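K.L.:
Sending over coords.csv (CSV, C-alpha atoms).
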```
chain,number,residue,atom,x,y,z
A,9,MET,CA,31.8,29.3,-5.6
A,10,LYS,CA,31.6,28.9,-9.4
A,11,ARG,CA,29.0,30.9,-11.3
A,12,SER,CA,27.2,29.4,-14.4
A,13,ALA,CA,27.6,31.1,-17.8
A,14,ALA,CA,23.8,31.8,-17.7
A,15,ASP,CA,24.2,33.9,-14.6
A,16,PRO,CA,23.4,37.6,-15.6
A,17,SER,CA,26.1,38.8,-13.2
A,18,ASN,CA,28.7,37.3,-15.5
A,19,THR,CA,27.8,39.8,-18.2
A,20,PRO,CA,29.7,43.1,-18.1
A,21,GLY,CA,27.5,46.1,-17.2
A,22,TRP,CA,24.6,44.0,-15.9
A,23,GLU,CA,24.0,46.3,-13.0
A,24,ARG,CA,23.4,49.3,-15.4
A,25,ALA,CA,21.1,47.3,-17.6
A,26,THR,CA,19.1,46.1,-14.7
A,27,LEU,CA,18.7,49.6,-13.3
A,28,GLU,CA,17.6,50.9,-16.7
A,29,LYS,CA,15.0,48.2,-17.0
A,30,LEU,CA,13.7,49.0,-13.5
A,31,ALA,CA,13.6,52.7,-14.4
A,32,PHE,CA,11.7,52.2,-17.7
A,33,ALA,CA,9.3,49.9,-15.9
A,34,ALA,CA,8.6,52.5,-13.3
A,35,LEU,CA,8.1,55.2,-16.0
A,36,ASN,CA,5.7,53.0,-17.9
A,37,GLU,CA,3.7,52.2,-14.7
A,38,GLN,CA,3.5,56.0,-13.9
A,39,LYS,CA,2.3,56.7,-17.5
A,40,ALA,CA,-0.3,53.9,-17.2
A,41,THR,CA,-1.5,55.3,-13.9
A,42,ARG,CA,-1.7,58.9,-15.3
A,43,ARG,CA,-3.7,57.6,-18.3
A,44,TRP,CA,-6.1,55.7,-16.1
A,45,LYS,CA,-6.6,58.8,-13.8
A,46,THR,CA,-7.3,60.9,-16.9
A,47,PHE,CA,-9.7,58.4,-18.3
A,48,VAL,CA,-11.6,58.2,-14.9
A,49,ARG,CA,-11.8,62.0,-14.7
A,50,LEU,CA,-13.0,62.4,-18.2
A,51,SER,CA,-15.6,59.6,-17.7
A,52,TRP,CA,-16.9,61.4,-14.6
A,53,LEU,CA,-16.9,64.7,-16.5
A,54,ALA,CA,-18.9,63.2,-19.3
A,55,PHE,CA,-21.3,61.6,-16.8
A,56,PHE,CA,-22.0,64.9,-15.1
A,57,ILE,CA,-22.4,66.7,-18.5
A,58,ALA,CA,-24.9,64.1,-19.5
A,59,LEU,CA,-26.8,64.6,-16.2
A,60,VAL,CA,-27.0,68.3,-16.7
A,61,TRP,CA,-28.1,67.9,-20.3
A,62,MET,CA,-30.8,65.5,-19.4
A,63,ALA,CA,-32.0,67.7,-16.5
A,64,LEU,CA,-32.2,70.7,-18.8
A,65,HIS,CA,-34.1,68.8,-21.5
A,66,ARG,CA,-36.8,67.4,-19.2
A,67,GLY,CA,-40.1,68.3,-20.7
A,68,THR,CA,-43.4,67.1,-22.0
A,69,PRO,CA,-43.8,65.0,-25.1
A,70,ALA,CA,-44.6,66.5,-28.4
A,71,SER,CA,-47.6,65.3,-30.3
A,72,ASP,CA,-48.9,65.6,-33.9
A,73,ALA,CA,-51.3,68.5,-33.9
A,74,ALA,CA,-53.1,67.0,-36.8
A,75,VAL,CA,-54.3,64.0,-34.8
A,76,PRO,CA,-57.2,64.7,-32.4
A,77,HIS,CA,-56.5,63.3,-29.0
A,78,THR,CA,-57.3,63.4,-25.3
A,79,ALA,CA,-54.5,65.2,-23.4
A,80,VAL,CA,-53.7,63.7,-20.0
A,81,VAL,CA,-51.9,65.3,-17.1
A,82,GLU,CA,-51.3,63.2,-14.0
A,83,ILE,CA,-51.5,64.5,-10.5
A,84,LYS,CA,-50.1,61.7,-8.3
A,85,GLY,CA,-48.6,61.5,-4.8
A,86,GLU,CA,-48.1,64.3,-2.4
A,87,ILE,CA,-48.9,67.8,-3.6
A,88,ALA,CA,-46.0,69.9,-2.6
A,89,ALA,CA,-43.4,72.3,-3.9
A,90,GLY,CA,-40.6,70.4,-5.6
A,91,ALA,CA,-42.6,67.2,-5.9
A,92,ASP,CA,-43.9,65.8,-9.2
A,93,ALA,CA,-47.3,67.0,-8.2
A,94,SER,CA,-46.3,70.6,-7.7
A,95,ALA,CA,-47.7,73.7,-9.4
A,96,GLU,CA,-44.5,74.3,-11.2
A,97,PHE,CA,-44.5,71.0,-13.0
A,98,VAL,CA,-48.2,70.4,-13.3
A,99,ASN,CA,-48.9,73.9,-14.7
A,100,ALA,CA,-46.1,73.5,-17.3
A,101,ALA,CA,-47.7,70.3,-18.5
A,102,LEU,CA,-51.2,71.8,-18.5
A,103,ARG,CA,-50.0,74.7,-20.7
A,104,ALA,CA,-48.4,72.3,-23.2
A,105,ALA,CA,-51.6,70.3,-23.3
A,106,PHE,CA,-53.9,73.3,-23.7
A,107,GLU,CA,-51.7,74.9,-26.4
A,108,ASP,CA,-51.6,71.7,-28.5
A,109,ASP,CA,-54.2,72.2,-31.3
A,110,GLY,CA,-54.7,68.4,-31.5
A,111,ALA,CA,-55.9,68.2,-27.9
A,112,LYS,CA,-59.7,68.2,-27.8
A,113,ALA,CA,-59.9,68.1,-24.0
A,114,VAL,CA,-57.6,67.9,-21.0
A,115,VAL,CA,-58.0,65.1,-18.4
A,116,LEU,CA,-56.6,65.5,-14.9
A,117,LEU,CA,-55.7,61.9,-13.9
A,118,ILE,CA,-55.7,62.2,-10.1
A,119,ASN,CA,-54.4,59.8,-7.4
A,120,SER,CA,-53.3,61.9,-4.4
A,121,PRO,CA,-54.1,62.1,-0.7
A,122,GLY,CA,-53.6,65.9,-0.9
A,123,GLY,CA,-50.9,68.2,0.4
A,124,SER,CA,-50.2,71.9,0.2
A,125,PRO,CA,-53.3,74.2,-0.2
A,126,VAL,CA,-51.0,76.8,-1.8
A,127,GLN,CA,-49.8,74.5,-4.5
A,128,ALA,CA,-53.4,73.3,-5.1
A,129,GLY,CA,-54.7,76.9,-5.3
A,130,MET,CA,-52.1,77.8,-7.9
A,131,MET,CA,-53.1,74.8,-10.0
A,132,ASN,CA,-56.8,75.5,-9.6
A,133,ASP,CA,-56.2,79.2,-10.7
A,134,GLU,CA,-54.1,78.1,-13.7
A,135,ILE,CA,-56.7,75.5,-14.9
A,136,LEU,CA,-59.5,78.1,-14.8
A,137,ARG,CA,-57.3,80.6,-16.7
A,138,LEU,CA,-56.4,78.1,-19.4
A,139,LYS,CA,-60.0,76.9,-19.8
A,140,ALA,CA,-61.1,80.5,-20.4
A,141,LYS,CA,-58.3,81.2,-22.8
A,142,HIS,CA,-58.4,78.1,-24.9
A,143,LYS,CA,-62.1,77.2,-24.6
A,144,LYS,CA,-61.3,73.5,-24.0
A,145,PRO,CA,-63.1,71.2,-21.6
A,146,VAL,CA,-61.4,69.8,-18.6
A,147,TYR,CA,-62.3,66.5,-16.9
A,148,ALA,CA,-61.0,65.1,-13.7
A,149,VAL,CA,-60.6,61.3,-13.5
A,150,VAL,CA,-60.0,59.9,-10.0
A,151,GLU,CA,-58.2,56.6,-9.5
A,152,GLU,CA,-57.8,55.5,-5.9
A,153,THR,CA,-57.8,58.8,-4.0
A,154,CYS,CA,-58.7,62.4,-4.5
A,155,ALA,CA,-58.6,64.0,-1.1
A,156,SER,CA,-58.0,67.4,0.5
A,157,ALA,CA,-55.7,69.5,-1.8
A,158,ALA,CA,-56.2,67.0,-4.7
A,159,TYR,CA,-60.0,67.6,-4.5
A,160,TYR,CA,-59.2,71.4,-4.4
A,161,ILE,CA,-57.7,70.9,-7.8
A,162,ALA,CA,-60.4,68.5,-9.1
A,163,VAL,CA,-63.2,71.0,-8.7
A,164,SER,CA,-61.7,73.2,-11.4
A,165,ALA,CA,-62.8,70.6,-13.9
A,166,ASP,CA,-66.0,70.7,-15.8
A,167,LYS,CA,-66.8,67.2,-14.6
A,168,ILE,CA,-65.4,64.7,-12.1
A,169,TYR,CA,-65.3,61.0,-12.9
A,170,VAL,CA,-64.6,58.4,-10.2
A,171,ASP,CA,-64.5,54.7,-9.6
A,172,LYS,CA,-67.2,53.5,-7.2
A,173,ALA,CA,-64.6,52.6,-4.6
A,174,SER,CA,-62.4,55.8,-5.0
A,175,ILE,CA,-61.8,57.9,-1.9
A,176,VAL,CA,-63.1,61.5,-2.4
A,177,GLY,CA,-63.4,64.5,-0.2
A,178,SER,CA,-61.6,65.4,3.1
A,179,ILE,CA,-62.5,69.1,2.6
A,180,GLY,CA,-60.6,70.4,5.6
A,181,VAL,CA,-57.2,71.8,6.7
A,182,LEU,CA,-54.8,70.6,9.4
A,183,MET,CA,-51.6,71.7,11.0
A,184,ASP,CA,-49.8,69.0,13.0
A,185,GLY,CA,-46.8,68.6,15.2
A,186,PHE,CA,-45.6,67.3,18.5
A,187,GLY,CA,-45.1,68.8,22.0
A,188,PHE,CA,-42.5,67.5,24.3
A,189,THR,CA,-42.8,69.8,27.3
A,190,GLY,CA,-44.2,67.3,29.7
A,191,LEU,CA,-41.6,64.7,28.9
A,192,MET,CA,-38.9,67.3,29.2
A,193,ASP,CA,-40.1,68.2,32.7
A,194,LYS,CA,-40.0,64.5,33.8
A,195,LEU,CA,-36.5,64.1,32.4
A,196,GLY,CA,-35.3,67.4,34.0
A,197,VAL,CA,-34.4,68.9,30.5
A,198,GLU,CA,-34.5,72.6,30.2
A,199,ARG,CA,-35.4,74.3,26.9
A,200,ARG,CA,-33.2,77.4,26.3
A,201,LEU,CA,-34.8,79.4,23.5
A,202,LEU,CA,-34.1,83.1,23.0
A,203,THR,CA,-36.3,85.1,20.7
A,204,ALA,CA,-36.8,88.7,19.7
A,205,GLY,CA,-40.6,89.0,19.5
A,206,GLU,CA,-42.9,87.2,21.9
A,207,ASN,CA,-44.3,84.8,19.3
A,208,LYS,CA,-41.2,84.1,17.4
A,209,GLY,CA,-41.0,80.6,19.1
A,210,PHE,CA,-44.6,79.9,18.2
A,211,LEU,CA,-45.1,76.2,17.4
A,212,ASP,CA,-41.7,75.3,18.8
A,213,PRO,CA,-42.3,71.6,19.9
A,214,PHE,CA,-40.1,72.1,23.0
A,215,SER,CA,-41.9,75.1,24.4
A,216,PRO,CA,-45.4,75.4,25.9
A,217,GLN,CA,-48.2,76.8,23.7
A,218,SER,CA,-50.4,79.6,25.1
A,219,ASP,CA,-54.1,79.9,24.6
A,220,LYS,CA,-53.5,83.1,22.6
A,221,GLN,CA,-51.3,81.2,20.2
A,222,LYS,CA,-53.7,78.3,19.8
A,223,ALA,CA,-56.5,80.8,19.0
A,224,PHE,CA,-54.3,82.5,16.4
A,225,ALA,CA,-53.5,79.2,14.7
A,226,GLN,CA,-57.1,78.1,14.7
A,227,ALA,CA,-58.3,81.4,13.2
A,228,MET,CA,-55.8,81.0,10.4
A,229,LEU,CA,-56.9,77.4,9.8
A,230,ASP,CA,-60.5,78.5,9.7
A,231,GLN,CA,-59.8,81.1,7.1
A,232,ILE,CA,-57.9,78.7,4.8
A,233,HIS,CA,-60.8,76.2,5.3
A,234,GLN,CA,-63.3,78.8,4.2
A,235,GLN,CA,-61.2,79.5,1.1
A,236,PHE,CA,-61.3,75.8,0.3
A,237,ILE,CA,-65.1,75.7,0.8
A,238,THR,CA,-65.5,78.7,-1.4
A,239,VAL,CA,-63.5,77.1,-4.2
A,240,VAL,CA,-65.5,73.8,-3.9
A,241,LYS,CA,-68.8,75.6,-4.1
A,242,ALA,CA,-67.7,77.7,-7.0
A,243,GLY,CA,-66.5,74.6,-8.9
A,244,ARG,CA,-69.4,72.3,-8.1
A,245,GLY,CA,-72.2,74.9,-8.0
A,246,LYS,CA,-75.8,73.5,-7.7
A,247,ARG,CA,-74.6,70.0,-8.1
A,248,LEU,CA,-73.6,69.9,-4.5
A,249,LYS,CA,-76.1,68.3,-2.1
A,250,GLU,CA,-74.7,69.9,1.1
A,251,THR,CA,-74.9,68.1,4.4
A,252,PRO,CA,-73.5,69.1,7.8
A,253,GLU,CA,-70.6,66.7,7.4
A,254,MET,CA,-69.7,67.7,3.8
A,255,PHE,CA,-67.0,70.3,4.8
A,256,SER,CA,-66.0,68.6,8.1
A,257,GLY,CA,-63.0,66.8,6.7
A,258,LEU,CA,-64.8,63.5,6.2
A,259,PHE,CA,-64.3,61.5,3.0
A,260,TRP,CA,-66.5,59.2,1.0
A,261,SER,CA,-66.5,56.4,-1.6
A,262,GLY,CA,-66.8,57.3,-5.2
A,263,GLN,CA,-70.4,56.1,-5.3
A,264,GLN,CA,-71.3,58.2,-2.3
A,265,ALA,CA,-69.4,61.2,-3.8
A,266,VAL,CA,-71.6,61.0,-6.9
A,267,GLU,CA,-74.7,60.9,-4.7
A,268,LEU,CA,-73.5,64.0,-2.8
A,269,GLY,CA,-72.6,65.9,-5.9
A,270,LEU,CA,-68.9,65.9,-5.1
A,271,ALA,CA,-68.4,64.0,-8.3
A,272,ASP,CA,-70.5,63.6,-11.5
A,273,GLN,CA,-70.5,60.0,-12.5
A,274,LEU,CA,-68.5,56.7,-12.6
A,275,GLY,CA,-65.9,56.4,-15.3
A,276,ASN,CA,-62.2,55.9,-16.0
A,277,LEU,CA,-59.7,57.5,-18.4
A,278,GLU,CA,-60.5,55.3,-21.3
A,279,TYR,CA,-64.2,55.8,-20.9
A,280,VAL,CA,-63.8,59.6,-20.8
A,281,ALA,CA,-61.6,59.6,-23.9
A,282,ARG,CA,-63.8,57.3,-25.9
A,283,GLU,CA,-67.3,58.3,-24.8
A,284,VAL,CA,-67.0,61.9,-23.7
A,285,VAL,CA,-64.1,63.4,-25.7
A,286,LYS,CA,-64.9,61.1,-28.6
A,287,THR,CA,-61.3,60.1,-29.4
A,288,ASP,CA,-59.4,56.9,-28.7
A,289,GLU,CA,-56.0,58.6,-29.0
A,290,ILE,CA,-54.6,59.5,-25.5
A,291,ILE,CA,-51.4,61.5,-25.1
A,292,ASP,CA,-49.7,61.9,-21.8
A,293,TYR,CA,-48.2,65.4,-21.1
A,294,THR,CA,-47.1,64.7,-17.6
A,295,ARG,CA,-43.7,65.9,-16.5
A,296,ARG,CA,-41.7,62.9,-15.4
A,297,ASP,CA,-38.3,62.2,-13.8
A,298,ASN,CA,-35.6,61.7,-16.3
A,299,VAL,CA,-32.6,59.5,-15.8
A,300,ALA,CA,-30.5,62.3,-14.3
A,301,GLU,CA,-33.1,63.1,-11.6
A,302,ARG,CA,-33.7,59.4,-10.8
A,303,LEU,CA,-29.9,59.0,-10.3
A,304,ALA,CA,-29.8,62.1,-8.1
A,305,LYS,CA,-32.6,60.8,-5.9
A,306,LYS,CA,-30.9,57.4,-5.7
A,307,PHE,CA,-27.7,59.0,-4.4
A,308,GLY,CA,-29.5,60.7,-1.6
A,309,ALA,CA,-31.2,63.9,-2.8
A,310,ALA,CA,-34.6,62.7,-1.7
A,311,MET,CA,-33.1,61.7,1.7
A,312,GLY,CA,-31.6,65.1,2.2
A,313,GLU,CA,-34.9,66.8,1.3
A,314,GLY,CA,-36.8,64.5,3.8
A,315,ALA,CA,-34.3,65.4,6.6
A,316,MET,CA,-34.8,69.1,5.9
A,317,LYS,CA,-38.5,68.7,6.1
A,318,ALA,CA,-38.2,66.9,9.4
A,319,PHE,CA,-36.3,69.8,11.0
A,320,LYS,CA,-38.5,72.6,9.8
A,321,ALA,CA,-39.9,74.6,12.7
A,322,ILE,CA,-43.3,75.3,11.4
A,323,PRO,CA,-45.6,72.4,10.5
A,324,ALA,CA,-47.0,72.3,6.9
A,325,LEU,CA,-50.6,72.9,6.2
A,326,ARG,CA,-52.6,70.1,4.5
```
For the structure just supplied, provide its representation as structure tokens.

P.N.:
Amino acid sequence: MKRSAADPSNTPGWERATLEKLAFAALNEQKATRRWKTFVRLSWLAFFIALVWMALHRGTPASDAAVPHTAVVEIKGEIAAGADASAEFVNAALRAAFEDDGAKAVVLLINSPGGSPVQAGMMNDEILRLKAKHKKPVYAVVEETCASAAYYIAVSADKIYVDKASIVGSIGVLMDGFGFTGLMDKLGVERRLLTAGENKGFLDPFSPQSDKQKAFAQAMLDQIHQQFITVVKAGRGKRLKETPEMFSGLFWSGQQAVELGLADQLGNLEYVAREVVKTDEIIDYTRRDNVAERLAKKFGAAMGEGAMKAFKAIPALR
């Protein structure tokens, strides 16, 4: 068979040249792969450094001390450790607001169904301390809801303003959970729980609850409820028009709350700033999620926290 002149195999040493080309191509590909891997790693490193930086620089906004203004701190959502409405975050925002010379008053902007009485108690104590130290008035402004632990916080204010349709009250304490002992008996499932201490399995949902344990839990709830009532009476004083249902856990509309002395009058944030504090300038000191924390939640941090809460042995108090 006759080969054409253009055939590379007619050129002396073509095998060597071809092998060299293949070798150089492979080397270049390896270099490009290494460069890409390095770029990706550096990009992820820069991303995580940015996340850490933003997390460490999360804080409250600065304001011009020369400008008189109404300082606002939001208390929204569930009141719980680690949540936006936690004592750690809210108290930090409150301290920044009180310490700002330009802040003529502090407004608690509340929209919460309640949560932890411990967190609420810590916020109530801190508000009273800051009021005494800085001699600044505090007003609570209720949006949709101010119930249970949220109301525990609100009574630390000098006055409480509500919308006529707001939900206010729920002065009570609860501890909830489930019991599966009857279902387990029907299914023939045996609970094998070993404890050191006769009450160590107290409130285990798969074990029966004794009358003694029920009485113990009820006594604890009654004590915390009485603490709540004491705080409400101290905060509202003679403004309260007590009824048999007032501390039963019931809640009322904003209009009813004003009539009962649980709130002072109707009004929103703008009204309080303009008519009560006498300044149109409003500055928000609320601690908010930054980009890093929003991304962390998006990638499952919140889901993991929810799962851990679901598997806790002892129900939370609310």

K.L.:
I'd like the contact shell of Phe236 (chain A) - 9 Å cut-off, only C-alpha atoms, skipping same-chain residues fewer than 5 positions apart - returned as a PyMOL selection string.

P.N.:
chain A and resi 125+129+157+160+179-181+231+241

K.L.:
Work out how far apart CA of Leu102 (chain A) and CA of Lys172 (chain A) are and give it in Å to one decimal.

P.N.:
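According to the coordinates, CA of Leu102 (chain A) and CA of Lys172 (chain A) are separated by 26.8 Å.
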
K.L.:
Between CA of Glu253 (chain A) and CA of Ile237 (chain A), what is the distance, to one decimal in Å?

P.N.:
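The value is 12.4 Å.
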
K.L.:
Can you measure CA of Asn119 (chain A) to CA of Ala100 (chain A) for me? One decimal in Å is fine.

P.N.:
18.8 Å

K.L.:
Would you mind telling me which residue in A:Tyr169, A:Tyr293, A:Phe224, A:Tyr279 lies nearest to Gly262 (chain A) when using all atoms listed in the file?

P.N.:
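Selected residue with least distance to Gly262 (chain A): A:Tyr169.
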
K.L.:
With a distance cut-off of 8 Å and only C-alpha atoms, select the neighbouring residues of Leu270 (chain A), excluding the residue or stretch itself and same-chain residues fewer than 5 positions from it, and output the selection as a list in words.

P.N.:
Ile168, Val176, Gly177, Arg244, Arg247, Leu248 and Ala265 of chain A

K.L.:
Please provide the set of residues having any atom within 10 Å of region 146-150 of chain A, restricted to all atoms listed in the file, with same-chain residues fewer than 2 positions apart removed, written as a ChimeraX atom specification.

P.N.:
/A:79-83,106,112-120,135-136,138-139,143-144,152-155,158-159,161-171,174-176,262,271-272,274-281,284-285

K.L.:
Select, from A:Asn99, A:Thr287, A:Ser218, A:Thr238, the residue with the minimum atom-to-atom distance to His77 (chain A), counting all atoms listed in the file.

P.N.:
A:Thr287

K.L.:
What's around Pro216 (chain A) at 12 Å? Count only C-alpha atoms, leave out sequence neighbours fewer than 2 positions away in its own chain, and write the answer as a ChimeraX atom specification.

P.N.:
/A:186-193,199,201,207,209-214,218-222

K.L.:
Choose the residue, out of A:Ala173, A:Leu182, A:Ile57, A:Ala128, that has the smallest atom-to-atom separation from Met228 (chain A); count all atoms listed in the file.

P.N.:
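Of all the options, A:Leu182 lies closest to Met228 (chain A).
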
K.L.:
Which of these, A:Leu53, A:Lys286, A:Gly122, A:Met254, has the shortest distance to Lys84 (chain A) once you count all atoms listed in the file?

P.N.:
A:Gly122
